[in-house]
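Q: For reference, the file query35.cif (mmCIF, C-alpha atoms) is included below:
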```
data_data
loop_
_atom_site.label_atom_id
_atom_site.label_comp_id
_atom_site.auth_asym_id
_atom_site.auth_seq_id
_atom_site.Cartn_x
_atom_site.Cartn_y
_atom_site.Cartn_z
CA MET I 257 -4.50 54.27 -17.19
CA MET I 258 -5.61 54.74 -13.59
CA PRO I 259 -6.93 51.79 -11.54
CA VAL I 260 -10.16 52.03 -9.59
CA PHE I 261 -9.16 52.50 -5.97
CA ASN I 262 -12.15 50.61 -4.63
CA GLU I 263 -10.58 48.30 -2.04
CA ILE I 264 -9.70 49.40 1.49
CA VAL I 265 -7.80 47.40 4.09
CA GLU I 266 -7.46 48.17 7.79
CA VAL I 267 -3.80 48.07 8.78
CA ASN I 268 -2.94 47.96 12.48
CA ALA I 269 0.52 46.46 12.66
CA GLU I 270 4.19 46.96 13.34
CA VAL I 271 5.99 47.46 10.04
CA TYR I 272 9.72 47.34 9.31
CA ARG I 273 11.51 50.49 8.22
CA ASN I 274 14.95 49.60 6.82
CA MET I 275 17.38 52.53 6.62
CA ILE I 276 21.00 53.41 6.02
CA GLY I 277 22.95 52.81 9.23
CA ILE I 278 26.22 54.18 10.57
CA ASP I 279 29.13 54.63 8.16
CA SER I 280 31.57 52.08 9.54
CA VAL I 281 31.07 48.44 10.48
CA PHE I 282 32.05 47.83 14.07
CA ASP I 283 30.72 46.43 17.33
CA GLU I 284 31.13 48.94 20.15
CA PHE I 285 30.88 46.14 22.77
CA ASP I 286 33.41 43.82 21.14
CA ASP I 287 36.12 44.59 23.70
CA LEU I 288 33.75 44.13 26.66
CA SER I 289 32.34 40.69 25.95
CA SER I 290 32.50 37.90 23.39
CA ASP I 291 29.14 36.52 24.51
CA ALA I 292 26.42 37.25 21.93
CA ILE I 293 23.58 37.37 24.50
CA THR I 294 25.47 39.79 26.74
CA LYS I 295 26.24 42.08 23.80
CA LYS I 296 22.63 41.95 22.62
CA TYR I 297 21.48 43.06 26.09
CA ALA I 298 24.01 45.91 26.05
CA HIS I 299 22.73 47.06 22.65
CA GLN I 300 19.16 46.98 23.92
CA ILE I 301 20.12 49.22 26.82
CA THR I 302 21.75 51.78 24.52
CA THR I 303 18.61 51.90 22.37
CA SER I 304 16.11 51.95 25.24
CA SER I 305 13.45 54.55 26.07
CA SER I 306 16.04 57.31 26.39
CA ASN I 307 16.46 57.10 22.61
CA GLN I 308 12.79 56.97 21.64
CA LEU I 309 12.76 60.55 20.40
CA SER I 310 15.76 59.89 18.19
CA SER I 311 14.18 56.71 16.82
CA HIS I 312 11.01 58.60 15.89
CA ASP I 313 13.07 61.32 14.25
CA GLN I 314 15.17 58.87 12.25
CA ALA I 315 12.51 56.34 11.32
CA ILE I 316 9.56 58.66 10.64
CA ASP I 317 10.22 62.40 10.68
CA TYR I 318 13.38 62.46 8.58
CA ILE I 319 11.66 61.77 5.25
CA PHE I 320 8.76 64.16 5.84
CA ARG I 321 10.88 67.16 6.83
CA GLN I 322 13.12 67.19 3.75
CA ALA I 323 13.01 70.15 1.37
CA ALA I 324 13.30 67.84 -1.68
CA TRP I 325 12.91 64.14 -2.42
CA LEU I 326 14.19 61.62 -4.93
CA PRO I 327 11.71 60.03 -7.35
CA THR I 328 10.53 56.59 -6.21
CA ARG I 329 7.96 54.03 -7.33
CA PHE I 330 5.08 56.14 -6.01
CA GLY I 331 6.87 59.46 -5.66
CA THR I 332 7.57 62.07 -8.33
CA GLY I 333 10.09 63.92 -6.17
CA GLN I 334 7.57 66.65 -5.33
CA TYR I 335 6.34 65.20 -2.03
CA PRO I 336 7.47 62.72 0.66
CA VAL I 337 6.70 59.02 0.37
CA TRP I 338 7.54 56.71 3.28
CA TYR I 339 8.09 53.01 2.62
CA ALA I 340 8.19 50.03 4.97
CA SER I 341 7.63 46.28 4.77
CA MET I 342 5.19 44.08 6.61
CA ASP I 343 7.97 41.61 7.47
CA LEU I 344 11.71 41.80 8.06
CA ILE I 345 12.88 39.61 5.17
CA THR I 346 10.94 41.64 2.61
CA SER I 347 12.68 44.76 3.92
CA PHE I 348 16.02 43.06 3.16
CA TYR I 349 15.05 42.23 -0.42
CA GLU I 350 13.70 45.72 -1.07
CA THR I 351 16.74 47.58 0.22
CA LEU I 352 19.41 45.15 -1.02
CA TYR I 353 18.33 45.78 -4.58
CA HIS I 354 18.63 49.56 -4.40
CA TRP I 355 21.83 49.51 -2.33
CA LYS I 356 23.53 47.17 -4.80
CA ARG I 357 22.55 49.33 -7.78
CA ILE I 358 24.69 52.17 -6.36
CA TYR I 359 27.82 50.12 -7.00
CA LEU I 360 26.77 48.48 -10.24
CA GLU I 361 25.57 51.63 -12.00
CA LYS I 362 27.56 54.37 -10.29
CA PRO I 363 30.84 52.97 -8.92
CA SER I 364 32.14 55.15 -6.11
CA PHE I 365 35.59 53.57 -5.83
CA LYS I 366 38.66 54.18 -7.99
CA VAL I 367 39.60 50.57 -7.31
CA THR I 368 36.51 48.46 -6.68
CA PRO I 369 36.92 46.09 -3.70
CA LYS I 370 35.93 42.45 -4.02
CA ILE I 371 33.43 42.66 -1.15
CA ILE I 372 31.39 45.76 -0.39
CA LYS I 373 29.81 46.15 3.05
CA THR I 374 27.45 48.55 4.71
CA ILE I 375 25.27 48.72 7.82
CA ARG I 376 21.49 49.00 7.79
CA SER I 377 19.37 49.98 10.78
CA VAL I 378 15.89 48.50 11.04
CA TYR I 379 13.12 50.14 13.07
CA THR I 380 9.65 48.89 13.90
CA VAL I 381 6.92 51.48 13.50
CA GLU I 382 3.23 51.18 14.30
CA CYS I 383 1.07 51.87 11.25
CA ARG I 384 -2.63 52.40 11.92
CA ALA I 385 -4.89 53.47 9.08
CA ALA I 386 -7.38 52.41 6.44
CA LEU I 387 -5.13 52.07 3.38
CA ILE I 388 -6.01 51.60 -0.26
CA ASP I 389 -5.36 47.93 -1.03
CA LEU I 390 -3.51 47.46 -4.32
CA ARG I 391 -2.64 43.79 -3.87
CA ASN I 392 -5.48 42.53 -6.06
CA LYS I 393 -4.59 45.07 -8.75
CA SER I 394 -1.10 43.75 -9.51
CA LYS I 395 -2.24 41.20 -12.14
CA GLU I 396 -4.25 43.78 -14.06
CA TYR I 397 -1.59 46.45 -13.55
CA PRO I 398 1.83 44.71 -13.55
CA GLU I 399 3.49 48.14 -13.24
CA LEU I 400 2.75 47.90 -9.53
CA VAL I 401 5.41 45.23 -9.07
CA HIS I 402 7.58 45.82 -12.13
CA PRO I 403 11.22 45.39 -11.03
CA ASP I 404 12.68 48.02 -13.38
CA PRO I 405 12.92 51.54 -11.85
CA GLU I 406 12.63 52.92 -15.39
CA CYS I 407 8.99 51.77 -15.37
CA TYR I 408 7.77 53.94 -12.49
CA GLU I 409 5.99 56.56 -14.62
CA ILE I 410 2.51 55.09 -14.20
CA THR I 411 2.78 54.33 -10.48
CA GLN I 412 4.16 57.82 -9.87
CA LYS I 413 0.97 59.23 -11.40
CA TRP I 414 -1.05 57.11 -8.96
CA GLY I 415 1.04 58.31 -6.04
CA LEU I 416 0.67 61.94 -7.12
CA ARG I 417 -3.10 61.56 -7.20
CA MET I 418 -3.18 60.01 -3.73
CA HIS I 419 -0.95 62.78 -2.38
CA LYS I 420 -3.12 65.53 -3.88
CA GLU I 421 -6.36 63.95 -2.67
CA GLY I 422 -5.04 63.46 0.85
CA TYR I 423 -5.16 59.66 1.17
CA PRO I 424 -2.88 58.18 3.87
CA GLY I 425 -1.34 55.45 1.74
CA PHE I 426 -1.33 52.07 -0.01
CA LEU I 427 -0.80 48.43 0.86
CA THR I 428 0.88 46.70 -2.08
CA TYR I 429 2.87 43.61 -2.96
CA SER I 430 6.65 43.85 -3.07
CA ALA I 431 8.43 43.94 -6.43
CA ARG I 432 11.48 42.23 -4.90
CA GLN I 433 10.09 39.41 -2.76
CA THR I 434 7.35 36.98 -3.78
CA ASP I 435 4.29 37.45 -1.54
CA GLY I 436 6.08 40.20 0.41
CA GLU I 437 3.98 43.24 1.24
CA ASN I 438 4.86 46.91 1.63
CA VAL I 439 3.11 49.94 3.03
CA VAL I 440 3.41 53.19 1.09
CA VAL I 441 2.62 56.16 3.32
CA PHE I 442 1.87 59.78 2.41
CA LYS I 443 0.70 60.99 5.84
CA ASP I 444 3.06 60.74 8.82
CA LYS I 445 0.20 61.03 11.32
CA ILE I 446 -0.62 57.33 10.81
CA LEU I 447 2.88 56.33 12.01
CA THR I 448 3.79 56.12 15.71
CA ASN I 449 5.96 54.39 18.30
CA ALA I 450 9.18 53.96 16.33
CA LYS I 451 11.67 51.60 17.99
CA HIS I 452 15.15 50.55 16.97
CA TYR I 453 14.89 46.84 16.17
CA HIS I 454 18.35 45.69 15.04
CA ASP I 455 21.35 46.56 12.89
CA TYR I 456 22.41 44.38 9.99
CA ILE I 457 25.49 44.08 7.79
CA TYR I 458 24.93 43.92 4.04
CA GLU I 459 27.67 42.26 1.99
CA TYR I 460 27.95 42.09 -1.78
CA ASN I 461 30.66 40.06 -3.49
CA MET I 462 31.51 41.80 -6.77
CA VAL I 463 33.07 38.62 -8.18
CA SER I 464 30.56 35.91 -7.25
CA GLU I 465 27.62 38.39 -7.18
CA GLN I 466 26.48 36.88 -3.89
CA GLU I 467 24.47 38.92 -1.41
CA ILE I 468 24.54 38.26 2.33
CA VAL I 469 22.71 39.85 5.25
CA ARG I 470 24.19 39.29 8.73
CA SER I 471 23.29 40.35 12.24
CA ASN I 472 25.65 43.11 13.34
CA ILE I 473 25.78 41.60 16.85
CA THR I 474 25.83 37.81 16.41
CA ASN I 475 27.10 37.69 12.81
CA ASP I 476 24.38 35.13 12.05
CA VAL I 477 23.38 34.97 8.37
CA LEU I 478 19.73 35.83 7.77
CA LEU I 479 19.78 35.94 3.99
CA ARG I 480 22.14 34.54 1.38
CA ARG I 481 21.51 34.53 -2.36
#
```
As a first step, turn the structure in this file into structure tokens.
A:
Amino acid sequence: MMPVFNEIVEVNAEVYRNMIGIDSVFDEFDDLSSDAITKKYAHQITTSSSNQLSSHDQAIDYIFRQAAWLPTRFGTGQYPVWYASMDLITSFYETLYHWKRIYLEKPSFKVTPKIIKTIRSVYTVECRAALIDLRNKSKEYPELVHPDPECYEITQKWGLRMHKEGYPGFLTYSARQTDGENVVVFKDKILTNAKHYHDYIYEYNMVSEQEIVRSNITNDVLLRR
């Protein structure tokens, strides 16, 4: 069943693109200062305008230039689909779920550690376009926010149609965070001005099953569940 795509919303906002960060967890300014504000300023300098091209490449271009893609909620694997969240916390919930599944379903360690950590890099990207608004469709079509990745068949058909017909993208509710909103983008031309926002440490305790998100600079906890 295909919904009627009869609602359009104008999106002109900075959205949050949450991506895999560097491989190891470390603070390159740890030996220079113990002051959080000083280190934050140093990080801002290293990610200033001299790195804008790299930020655009990482946050936007990388997905669209691939020769092949993995299937996603709105992607069949035949075309690129770019995802971001309208707020930072929703981006945590979205990416925590998929990151954790790597270790629960496909363990990559011979001896599984008690606590698994990784770094995520968050970028802000300006999204400007008239997007198809799917938020009011989620009650009639619960597949839009179904949490099980095995239930993506229907939404993938919708994404394939949008890709073939040349629409720029969707605005939809998050499947991982109540009232959270995501943008689903098929056309990179609606995305501009990518900026590195912050790096975060994800922690997952394999024993207690607790998830924590910390600032990579201040170590402040932003999410614990």
Q: Provide the atom CA of Tyr460 of chain I to atom CA of Lys373 of chain I distance in Å, to one decimal place.
A: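 Those two atoms sit 6.6 Å apart.
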Q: Please compute the atom CA of Tyr456 of chain I-atom CA of Lys356 of chain I distance, one decimal, in Å.
A: 15.1 Å
Q: Between I:Tyr379, I:Trp325, I:Tyr408, I:Trp338, which one has atoms that come closest to Ile446 of chain I, using all atoms listed in the file?
A: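 Looking at the shortest contact to Ile446 of chain I, the residue is I:Trp338.
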Q: For the atom pair atom CA of Val463 of chain I and atom CA of Val401 of chain I, what is the interatomic distance in Å to one decimal place?
A: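 Atom-to-atom, atom CA of Val463 of chain I and atom CA of Val401 of chain I are spaced 28.5 Å apart.
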Q: Using the chain letters and numbers from the file, give me the residues hit by the PyMOL selection byres ((chain I and resi 319) around 8), as a CSV table (one decimal) with C-alpha atoms, in the coordinates of the input.
A:
```
chain,number,residue,atom,x,y,z
I,316,ILE,CA,9.6,58.7,10.6
I,317,ASP,CA,10.2,62.4,10.7
I,318,TYR,CA,13.4,62.5,8.6
I,320,PHE,CA,8.8,64.2,5.8
I,321,ARG,CA,10.9,67.2,6.8
I,322,GLN,CA,13.1,67.2,3.8
I,336,PRO,CA,7.5,62.7,0.7
I,337,VAL,CA,6.7,59.0,0.4
I,338,TRP,CA,7.5,56.7,3.3
```
Q: Check which residues satisfy the PyMOL selection byres ((chain I and resi 262) around 10) in the file shown, then give them as a tab-separated table (two decimals) with C-alpha atoms, in the frame of the given file.
A:
```
chain	number	residue	atom	x	y	z
I	259	PRO	CA	-6.93	51.79	-11.54
I	260	VAL	CA	-10.16	52.03	-9.59
I	261	PHE	CA	-9.16	52.50	-5.97
I	263	GLU	CA	-10.58	48.30	-2.04
I	264	ILE	CA	-9.70	49.40	1.49
I	388	ILE	CA	-6.01	51.60	-0.26
I	389	ASP	CA	-5.36	47.93	-1.03
I	390	LEU	CA	-3.51	47.46	-4.32
```
Q: Return the single residue from I:Arg329, I:Arg417, I:Lys395, I:Arg470 that is closest to Glu350 of chain I, with distances computed using all atoms listed in the file.
A: I:Arg329
Q: Given the PyMOL selection byres ((chain I and resi 447) around 9) and the file above, list the residues it selects as JSON, numbers by chain.
A: {"I": [316, 381, 382, 383, 384, 385, 441, 443, 444, 445, 446, 448, 449, 450]}
Q: So, with all atoms listed in the file as the atoms that count, which of I:Asn392, I:Gln314, I:Ser471, I:Gln334 lies closest to Lys413 of chain I?
A: I:Gln334
Q: Would you kindly return, as a PyMOL selection string, each protein, DNA or RNA residue with an atom no farther than 8 Å from any atom of Ser341 of chain I, considering only C-alpha atoms and excluding same-chain residues fewer than 2 positions away?
A: chain I and resi 271-273+339+343-344+346-347+436-439
Q: Check the smallest atom-to-atom distance from each of I:Leu400, I:Leu427, I:Ile372, I:Val378 to Phe442 of chain I using only C-alpha atoms, then report the winner.
A: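 For Phe442 of chain I, the nearest of the candidates is I:Leu427.
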Q: If we count all atoms listed in the file, what is near Gly277 of chain I at a cut-off of 9 Å, once residues fewer than 3 positions away on the same chain are taken out, given as a list in words?
A: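 In the requested format, the answer is Asn274, Ser280, Thr374, Ile375, Arg376, Ser377, Val378, Asp455 and Tyr456 of chain I.
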Q: With all atoms listed in the file as the atoms that count, which of I:Val469, I:His312, I:Leu479, I:Tyr397 lies nearest to Ile410 of chain I?
A: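 Smallest separation from Ile410 of chain I among the options: I:Tyr397.
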Q: Rank nothing, just name the residue among I:Lys393, I:Glu406, I:Arg481, I:Gln433 nearest to Ser464 of chain I, using all atoms listed in the file.
A: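 Of all the options, I:Arg481 lies closest to Ser464 of chain I.
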